[in-house]
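A.B. asks: Coordinates in work_39.pdb, PDB, C-alpha atoms, are listed below.
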ATOM      1  CA  MET P 560       8.921 -10.767 -64.602  1.00  0.00           C
ATOM      2  CA  ASP P 561       8.683  -7.025 -65.115  1.00  0.00           C
ATOM      3  CA  LYS P 562       8.902  -4.856 -62.056  1.00  0.00           C
ATOM      4  CA  TYR P 563       6.996  -1.628 -61.810  1.00  0.00           C
ATOM      5  CA  PHE P 564       9.349  -0.319 -59.185  1.00  0.00           C
ATOM      6  CA  ASP P 565      13.016  -0.980 -58.705  1.00  0.00           C
ATOM      7  CA  LEU P 566      13.179  -0.392 -54.971  1.00  0.00           C
ATOM      8  CA  GLU P 567      16.394  -0.132 -53.043  1.00  0.00           C
ATOM      9  CA  PRO P 568      16.764  -2.599 -50.157  1.00  0.00           C
ATOM     10  CA  ILE P 569      15.847  -1.381 -46.682  1.00  0.00           C
ATOM     11  CA  THR P 570      18.902  -0.397 -44.661  1.00  0.00           C
ATOM     12  CA  ILE P 571      19.665  -0.773 -40.980  1.00  0.00           C
ATOM     13  CA  GLY P 572      19.578   3.004 -40.579  1.00  0.00           C
ATOM     14  CA  GLU P 573      16.087   3.090 -42.052  1.00  0.00           C
ATOM     15  CA  VAL P 574      14.991   0.342 -39.670  1.00  0.00           C
ATOM     16  CA  LEU P 575      16.246   2.310 -36.682  1.00  0.00           C
ATOM     17  CA  GLU P 576      14.414   5.415 -37.872  1.00  0.00           C
ATOM     18  CA  THR P 577      11.223   3.380 -38.355  1.00  0.00           C
ATOM     19  CA  ALA P 578      11.485   2.080 -34.788  1.00  0.00           C
ATOM     20  CA  ALA P 579      11.884   5.680 -33.631  1.00  0.00           C
ATOM     21  CA  VAL P 580       8.464   6.400 -35.114  1.00  0.00           C
ATOM     22  CA  SER P 581       6.631   3.181 -34.234  1.00  0.00           C
ATOM     23  CA  VAL P 582       7.693   2.902 -30.572  1.00  0.00           C
ATOM     24  CA  GLY P 583       9.329   6.284 -30.115  1.00  0.00           C
ATOM     25  CA  ASP P 584       7.305   7.333 -27.066  1.00  0.00           C
ATOM     26  CA  THR P 585       8.432   4.247 -25.155  1.00  0.00           C
ATOM     27  CA  PRO P 586      11.174   4.699 -22.541  1.00  0.00           C
ATOM     28  CA  ILE P 587      14.318   2.933 -23.689  1.00  0.00           C
ATOM     29  CA  GLU P 588      15.234  -0.219 -21.748  1.00  0.00           C
ATOM     30  CA  SER P 589      18.438  -2.231 -21.676  1.00  0.00           C
ATOM     31  CA  SER P 590      16.999  -4.744 -24.157  1.00  0.00           C
ATOM     32  CA  ASP P 591      16.310  -1.919 -26.611  1.00  0.00           C
ATOM     33  CA  ALA P 592      19.836  -0.609 -26.113  1.00  0.00           C
ATOM     34  CA  ASP P 593      21.247  -4.103 -26.737  1.00  0.00           C
ATOM     35  CA  ALA P 594      19.276  -4.329 -29.987  1.00  0.00           C
ATOM     36  CA  ILE P 595      20.460  -0.876 -31.079  1.00  0.00           C
ATOM     37  CA  GLN P 596      24.074  -1.761 -30.303  1.00  0.00           C
ATOM     38  CA  ALA P 597      23.773  -5.002 -32.261  1.00  0.00           C
ATOM     39  CA  ALA P 598      22.189  -3.176 -35.209  1.00  0.00           C
ATOM     40  CA  GLU P 599      24.943  -0.560 -35.193  1.00  0.00           C
ATOM     41  CA  ARG P 600      27.571  -3.313 -35.095  1.00  0.00           C
ATOM     42  CA  ARG P 601      25.896  -5.128 -38.021  1.00  0.00           C
ATOM     43  CA  ALA P 602      25.741  -1.899 -40.034  1.00  0.00           C
ATOM     44  CA  SER P 603      29.477  -1.522 -39.446  1.00  0.00           C
ATOM     45  CA  CYS P 604      30.033  -5.093 -40.704  1.00  0.00           C
ATOM     46  CA  GLY P 605      31.113  -6.358 -37.296  1.00  0.00           C
ATOM     47  CA  ASP P 606      33.294  -3.432 -36.254  1.00  0.00           C
ATOM     48  CA  GLU P 607      32.669  -2.266 -32.725  1.00  0.00           C
ATOM     49  CA  GLY P 608      31.446   1.090 -33.976  1.00  0.00           C
ATOM     50  CA  GLU P 609      32.706   4.393 -32.800  1.00  0.00           C
ATOM     51  CA  SER P 610      32.671   5.413 -29.188  1.00  0.00           C
ATOM     52  CA  GLY P 611      29.742   7.656 -28.442  1.00  0.00           C
ATOM     53  CA  GLY P 612      27.682   6.210 -31.284  1.00  0.00           C
ATOM     54  CA  LEU P 613      24.039   5.182 -31.198  1.00  0.00           C
ATOM     55  CA  GLY P 614      24.748   2.033 -29.188  1.00  0.00           C
ATOM     56  CA  ASP P 615      26.628   3.895 -26.473  1.00  0.00           C
ATOM     57  CA  THR P 616      23.956   6.593 -26.373  1.00  0.00           C
ATOM     58  CA  ALA P 617      21.256   3.939 -26.064  1.00  0.00           C
ATOM     59  CA  GLN P 618      23.107   2.155 -23.230  1.00  0.00           C
ATOM     60  CA  ALA P 619      23.546   5.434 -21.352  1.00  0.00           C
ATOM     61  CA  ALA P 620      19.847   6.237 -21.805  1.00  0.00           C
ATOM     62  CA  ALA P 621      18.811   2.793 -20.551  1.00  0.00           C
ATOM     63  CA  SER P 622      21.061   3.166 -17.499  1.00  0.00           C
ATOM     64  CA  PHE P 623      19.574   6.578 -16.759  1.00  0.00           C
ATOM     65  CA  ASN P 624      16.025   5.241 -17.169  1.00  0.00           C
ATOM     66  CA  ALA P 625      16.688   2.368 -14.779  1.00  0.00           C
ATOM     67  CA  THR P 626      17.182   4.914 -11.994  1.00  0.00           C
ATOM     68  CA  ALA P 627      14.613   7.518 -13.074  1.00  0.00           C
ATOM     69  CA  ALA P 628      11.665   7.651 -10.709  1.00  0.00           C
ATOM     70  CA  GLN P 629       8.930   8.563 -13.187  1.00  0.00           C
ATOM     71  CA  ASN P 630       8.308   7.873 -16.873  1.00  0.00           C
ATOM     72  CA  VAL P 631       8.049  11.628 -17.425  1.00  0.00           C
ATOM     73  CA  HIS P 632      11.779  11.944 -16.775  1.00  0.00           C
ATOM     74  CA  LYS P 633      12.845   8.934 -18.859  1.00  0.00           C
ATOM     75  CA  ILE P 634      14.594   9.031 -22.220  1.00  0.00           C
ATOM     76  CA  ASN P 635      12.455   7.648 -25.025  1.00  0.00           C
ATOM     77  CA  ILE P 636      13.504   5.490 -27.952  1.00  0.00           C
ATOM     78  CA  SER P 637      12.853   8.375 -30.351  1.00  0.00           C
ATOM     79  CA  ASP P 638      15.281  10.555 -28.378  1.00  0.00           C
ATOM     80  CA  VAL P 639      18.049   8.163 -29.414  1.00  0.00           C
ATOM     81  CA  LEU P 640      16.911   6.933 -32.841  1.00  0.00           C
ATOM     82  CA  THR P 641      15.528  10.029 -34.571  1.00  0.00           C
ATOM     83  CA  ASN P 642      17.653  10.573 -37.725  1.00  0.00           C
ATOM     84  CA  ALA P 643      19.577   7.389 -36.901  1.00  0.00           C
ATOM     85  CA  ALA P 644      20.707   6.748 -40.470  1.00  0.00           C
ATOM     86  CA  SER P 645      22.684   9.990 -40.510  1.00  0.00           C
ATOM     87  CA  LYS P 646      24.294   9.084 -37.175  1.00  0.00           C
ATOM     88  CA  LEU P 647      25.635   5.715 -38.327  1.00  0.00           C
ATOM     89  CA  PRO P 648      29.212   5.790 -39.622  1.00  0.00           C
ATOM     90  CA  HIS P 649      28.259   2.946 -42.002  1.00  0.00           C
ATOM     91  CA  ASP P 650      24.960   1.553 -43.233  1.00  0.00           C
ATOM     92  CA  LYS P 651      23.933  -1.471 -45.251  1.00  0.00           C
ATOM     93  CA  ALA P 652      20.917  -3.423 -46.421  1.00  0.00           C
ATOM     94  CA  VAL P 653      19.278  -5.600 -43.769  1.00  0.00           C
ATOM     95  CA  THR P 654      19.846  -9.359 -44.128  1.00  0.00           C
ATOM     96  CA  CYS P 655      18.242 -12.296 -42.336  1.00  0.00           C
ATOM     97  CA  GLU P 656      21.515 -12.774 -40.443  1.00  0.00           C
ATOM     98  CA  ASP P 657      21.386  -9.161 -39.255  1.00  0.00           C
ATOM     99  CA  ALA P 658      17.794  -9.603 -38.113  1.00  0.00           C
ATOM    100  CA  GLU P 659      18.612 -12.775 -36.180  1.00  0.00           C
ATOM    101  CA  ALA P 660      21.617 -11.172 -34.464  1.00  0.00           C
ATOM    102  CA  VAL P 661      19.576  -8.153 -33.377  1.00  0.00           C
ATOM    103  CA  LYS P 662      16.693 -10.351 -32.230  1.00  0.00           C
ATOM    104  CA  GLY P 663      19.074 -12.431 -30.111  1.00  0.00           C
ATOM    105  CA  ALA P 664      20.568  -9.312 -28.550  1.00  0.00           C
ATOM    106  CA  GLU P 665      17.155  -7.903 -27.661  1.00  0.00           C
ATOM    107  CA  LEU P 666      15.802 -11.174 -26.280  1.00  0.00           C
ATOM    108  CA  ARG P 667      18.802 -11.674 -23.983  1.00  0.00           C
ATOM    109  CA  GLY P 668      17.775  -8.527 -22.128  1.00  0.00           C
ATOM    110  CA  ARG P 669      13.999  -9.001 -22.055  1.00  0.00           C
ATOM    111  CA  PRO P 670      12.106 -10.829 -19.342  1.00  0.00           C
ATOM    112  CA  GLU P 671       9.492 -11.772 -21.957  1.00  0.00           C
ATOM    113  CA  THR P 672      10.392 -14.277 -24.647  1.00  0.00           C
ATOM    114  CA  VAL P 673       9.204 -12.014 -27.467  1.00  0.00           C
ATOM    115  CA  VAL P 674      10.674  -8.904 -28.997  1.00  0.00           C
ATOM    116  CA  ARG P 675       9.012  -5.529 -28.543  1.00  0.00           C
ATOM    117  CA  PRO P 676       6.321  -5.163 -31.238  1.00  0.00           C
ATOM    118  CA  GLY P 677       7.412  -2.380 -33.589  1.00  0.00           C
ATOM    119  CA  GLY P 678      10.818  -2.216 -31.929  1.00  0.00           C
ATOM    120  CA  VAL P 679      14.249  -2.593 -33.477  1.00  0.00           C
ATOM    121  CA  ALA P 680      14.351  -6.408 -33.683  1.00  0.00           C
ATOM    122  CA  ASP P 681      10.770  -6.696 -34.914  1.00  0.00           C
ATOM    123  CA  THR P 682      11.336  -4.070 -37.600  1.00  0.00           C
ATOM    124  CA  MET P 683      14.667  -5.650 -38.637  1.00  0.00           C
ATOM    125  CA  SER P 684      12.927  -8.978 -39.128  1.00  0.00           C
ATOM    126  CA  LYS P 685      10.242  -7.419 -41.307  1.00  0.00           C
ATOM    127  CA  ALA P 686      12.817  -5.485 -43.338  1.00  0.00           C
ATOM    128  CA  ALA P 687      14.873  -8.637 -43.934  1.00  0.00           C
ATOM    129  CA  LYS P 688      11.786 -10.384 -45.327  1.00  0.00           C
ATOM    130  CA  VAL P 689      11.035  -7.452 -47.628  1.00  0.00           C
ATOM    131  CA  ASN P 690      14.669  -7.382 -48.808  1.00  0.00           C
ATOM    132  CA  LEU P 691      14.491 -11.094 -49.637  1.00  0.00           C
ATOM    133  CA  GLN P 692      11.610 -10.412 -51.994  1.00  0.00           C
ATOM    134  CA  ASP P 693      13.576  -7.852 -54.037  1.00  0.00           C
TER     135      ASP P 693
END
Let's see the structure in the file written out as structure tokens.

C.D. replies:
Amino acid sequence: MDKYFDLEPITIGEVLETAAVSVGDTPIESSDADAIQAAERRASCGDEGESGGLGDTAQAAASFNATAAQNVHKINISDVLTNAASKLPHDKAVTCEDAEAVKGAELRGRPETVVRPGGVADTMSKAAKVNLQD
């Protein structure tokens, strides 16, 4: 079958940047931070990632938001994930295993039993499906 486009697979960094756009105005919660940490770890092929990376920044933002009195003062997802791909020490194409790991991390921290629509886990899942089709 001839392909009109030879597209590169979607990377974890691209997924994080997409989440920054789709749910960027949402204050970051611990479940979002868990998903970001898991994504960063998967991009690094299981390494813990560097101290002060996206995952640590996300956890600090979620901790701050938990004590902030008003949404106006909270740190949004876009504050952490804008230009995420350039902030990752390593990046790789999203796989189904990556998507499942990130989904599990996000769900462990959410009171609901579904991931945030348009968030990191949701976008990872969609990217993994697209990558399977390539």

A.B. asks: In terms of the shortest atom-to-atom distance over all atoms listed in the file, which of P:Ala627, P:Ala598, P:Leu640, P:Val582 is closest to Val653 (chain P)?

C.D. replies: P:Ala598

A.B. asks: Name the closest residue to Ser589 (chain P) among the candidates P:Gln692, P:Thr616, P:Ser610, P:Thr682; distances are taken between atoms, counting all atoms listed in the file.

C.D. replies: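 Among the listed residues, P:Thr616 lies closest to Ser589 (chain P).
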
A.B. asks: The centre and edge lengths of an axis-aligned box containing all atoms of region 629-633 of chain P present in the file, extended by 3 Å on each side, are to be given in Å to one decimal, as AutoDock Vina command-line options.

C.D. replies:
--center_x 10.4 --center_y 9.9 --center_z -16.0 --size_x 10.8 --size_y 10.1 --size_z 11.7

A.B. asks: Applied to this file, what does the PyMOL selection byres ((chain P and resi 663) around 12) return in terms of residues, put as a count of residues only?

C.D. replies: 29

A.B. asks: Rounded to one decimal in Å, what is the spacing between CA of Asp638 (chain P) and CA of Leu613 (chain P)?

C.D. replies: 10.7 Å

A.B. asks: Hey, which of P:Glu576, P:Asp615, P:Glu567, P:Glu588 ends up closest to Pro670 (chain P)? Count all atoms listed in the file.

C.D. replies: P:Glu588

A.B. asks: List the neighbours of Ile571 (chain P) out to 7 Å using only C-alpha atoms; skip same-chain residues closer than 3 positions along the sequence, and give me the result as a CSV table (one decimal) with C-alpha atoms, in the frame of the given file.

C.D. replies:
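Output (around-v3.csv):
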chain,number,residue,atom,x,y,z
P,574,VAL,CA,15.0,0.3,-39.7
P,575,LEU,CA,16.2,2.3,-36.7
P,598,ALA,CA,22.2,-3.2,-35.2
P,602,ALA,CA,25.7,-1.9,-40.0
P,650,ASP,CA,25.0,1.6,-43.2
P,651,LYS,CA,23.9,-1.5,-45.3
P,652,ALA,CA,20.9,-3.4,-46.4
P,653,VAL,CA,19.3,-5.6,-43.8

A.B. asks: Quick check, in Å to one decimal: how far apart do CA of Val689 (chain P) and CA of Gly612 (chain P) lie?

C.D. replies: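 If I compute the distance from CA of Val689 (chain P) to CA of Gly612 (chain P), I get 27.0 Å.
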
A.B. asks: Using the atoms already present, construct N, CA, C and O atoms for region 660-685 of chain P and hand them back as an mmCIF file, keeping the file's coordinate frame.

C.D. replies:
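After the write, selection_18.cif holds the following:
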data_model
loop_
_atom_site.group_PDB
_atom_site.id
_atom_site.type_symbol
_atom_site.label_atom_id
_atom_site.label_comp_id
_atom_site.auth_asym_id
_atom_site.auth_seq_id
_atom_site.Cartn_x
_atom_site.Cartn_y
_atom_site.Cartn_z
ATOM 1 N N ALA P 660 20.651 -11.668 -35.460
ATOM 2 C CA ALA P 660 21.617 -11.172 -34.464
ATOM 3 C C ALA P 660 20.981 -10.113 -33.566
ATOM 4 O O ALA P 660 21.163 -10.129 -32.339
ATOM 5 N N VAL P 661 20.223 -9.218 -34.152
ATOM 6 C CA VAL P 661 19.576 -8.153 -33.377
ATOM 7 C C VAL P 661 18.477 -8.742 -32.493
ATOM 8 O O VAL P 661 18.332 -8.352 -31.332
ATOM 9 N N LYS P 662 17.737 -9.689 -33.021
ATOM 10 C CA LYS P 662 16.693 -10.351 -32.230
ATOM 11 C C LYS P 662 17.306 -11.045 -31.015
ATOM 12 O O LYS P 662 16.810 -10.920 -29.895
ATOM 13 N N GLY P 663 18.399 -11.758 -31.221
ATOM 14 C CA GLY P 663 19.074 -12.431 -30.111
ATOM 15 C C GLY P 663 19.550 -11.455 -29.055
ATOM 16 O O GLY P 663 19.408 -11.701 -27.852
ATOM 17 N N ALA P 664 20.092 -10.332 -29.494
ATOM 18 C CA ALA P 664 20.568 -9.312 -28.550
ATOM 19 C C ALA P 664 19.414 -8.752 -27.733
ATOM 20 O O ALA P 664 19.526 -8.582 -26.521
ATOM 21 N N GLU P 665 18.297 -8.462 -28.388
ATOM 22 C CA GLU P 665 17.155 -7.903 -27.661
ATOM 23 C C GLU P 665 16.559 -8.925 -26.691
ATOM 24 O O GLU P 665 16.240 -8.595 -25.556
ATOM 25 N N LEU P 666 16.429 -10.155 -27.135
ATOM 26 C CA LEU P 666 15.802 -11.174 -26.280
ATOM 27 C C LEU P 666 16.634 -11.495 -25.044
ATOM 28 O O LEU P 666 16.074 -11.834 -23.996
ATOM 29 N N ARG P 667 17.950 -11.392 -25.154
ATOM 30 C CA ARG P 667 18.802 -11.674 -23.983
ATOM 31 C C ARG P 667 18.502 -10.721 -22.837
ATOM 32 O O ARG P 667 18.680 -11.055 -21.673
ATOM 33 N N GLY P 668 18.034 -9.518 -23.163
ATOM 34 C CA GLY P 668 17.775 -8.527 -22.128
ATOM 35 C C GLY P 668 16.318 -8.363 -21.741
ATOM 36 O O GLY P 668 15.983 -7.508 -20.930
ATOM 37 N N ARG P 669 15.435 -9.155 -22.334
ATOM 38 C CA ARG P 669 13.999 -9.001 -22.055
ATOM 39 C C ARG P 669 13.500 -10.128 -21.167
ATOM 40 O O ARG P 669 13.812 -11.284 -21.395
ATOM 41 N N PRO P 670 12.689 -9.783 -20.180
ATOM 42 C CA PRO P 670 12.106 -10.829 -19.342
ATOM 43 C C PRO P 670 11.076 -11.662 -20.119
ATOM 44 O O PRO P 670 10.911 -12.840 -19.857
ATOM 45 N N GLU P 671 10.425 -11.034 -21.114
ATOM 46 C CA GLU P 671 9.492 -11.772 -21.957
ATOM 47 C C GLU P 671 10.300 -12.519 -23.022
ATOM 48 O O GLU P 671 11.438 -12.186 -23.296
ATOM 49 N N THR P 672 9.680 -13.512 -23.620
ATOM 50 C CA THR P 672 10.392 -14.277 -24.647
ATOM 51 C C THR P 672 10.033 -13.817 -26.052
ATOM 52 O O THR P 672 10.219 -14.550 -27.011
ATOM 53 N N VAL P 673 9.528 -12.600 -26.164
ATOM 54 C CA VAL P 673 9.204 -12.014 -27.467
ATOM 55 C C VAL P 673 9.823 -10.626 -27.569
ATOM 56 O O VAL P 673 10.007 -9.954 -26.561
ATOM 57 N N VAL P 674 10.112 -10.240 -28.796
ATOM 58 C CA VAL P 674 10.674 -8.904 -28.997
ATOM 59 C C VAL P 674 9.573 -7.870 -28.867
ATOM 60 O O VAL P 674 8.387 -8.180 -28.963
ATOM 61 N N ARG P 675 9.975 -6.624 -28.658
ATOM 62 C CA ARG P 675 9.012 -5.529 -28.543
ATOM 63 C C ARG P 675 8.339 -5.321 -29.903
ATOM 64 O O ARG P 675 9.029 -5.075 -30.901
ATOM 65 N N PRO P 676 7.013 -5.414 -29.966
ATOM 66 C CA PRO P 676 6.321 -5.163 -31.238
ATOM 67 C C PRO P 676 6.617 -3.749 -31.754
ATOM 68 O O PRO P 676 6.494 -2.780 -31.018
ATOM 69 N N GLY P 677 7.069 -3.671 -32.997
ATOM 70 C CA GLY P 677 7.412 -2.380 -33.589
ATOM 71 C C GLY P 677 8.791 -1.883 -33.217
ATOM 72 O O GLY P 677 9.228 -0.841 -33.706
ATOM 73 N N GLY P 678 9.480 -2.614 -32.360
ATOM 74 C CA GLY P 678 10.818 -2.216 -31.929
ATOM 75 C C GLY P 678 11.881 -2.556 -32.961
ATOM 76 O O GLY P 678 11.590 -2.963 -34.088
ATOM 77 N N VAL P 679 13.129 -2.418 -32.553
ATOM 78 C CA VAL P 679 14.249 -2.593 -33.477
ATOM 79 C C VAL P 679 14.293 -4.011 -34.040
ATOM 80 O O VAL P 679 14.351 -4.198 -35.260
ATOM 81 N N ALA P 680 14.253 -5.025 -33.197
ATOM 82 C CA ALA P 680 14.351 -6.408 -33.683
ATOM 83 C C ALA P 680 13.159 -6.782 -34.553
ATOM 84 O O ALA P 680 13.322 -7.424 -35.599
ATOM 85 N N ASP P 681 11.970 -6.398 -34.142
ATOM 86 C CA ASP P 681 10.770 -6.696 -34.914
ATOM 87 C C ASP P 681 10.848 -6.042 -36.292
ATOM 88 O O ASP P 681 10.567 -6.677 -37.318
ATOM 89 N N THR P 682 11.247 -4.799 -36.338
ATOM 90 C CA THR P 682 11.336 -4.070 -37.600
ATOM 91 C C THR P 682 12.459 -4.623 -38.478
ATOM 92 O O THR P 682 12.319 -4.702 -39.704
ATOM 93 N N MET P 683 13.568 -5.030 -37.876
ATOM 94 C CA MET P 683 14.667 -5.650 -38.637
ATOM 95 C C MET P 683 14.186 -6.927 -39.308
ATOM 96 O O MET P 683 14.499 -7.175 -40.481
ATOM 97 N N SER P 684 13.436 -7.724 -38.576
ATOM 98 C CA SER P 684 12.927 -8.978 -39.128
ATOM 99 C C SER P 684 12.026 -8.720 -40.331
ATOM 100 O O SER P 684 12.137 -9.385 -41.369
ATOM 101 N N LYS P 685 11.144 -7.755 -40.205
ATOM 102 C CA LYS P 685 10.242 -7.419 -41.307
ATOM 103 C C LYS P 685 11.014 -6.867 -42.504
ATOM 104 O O LYS P 685 10.716 -7.198 -43.653
#
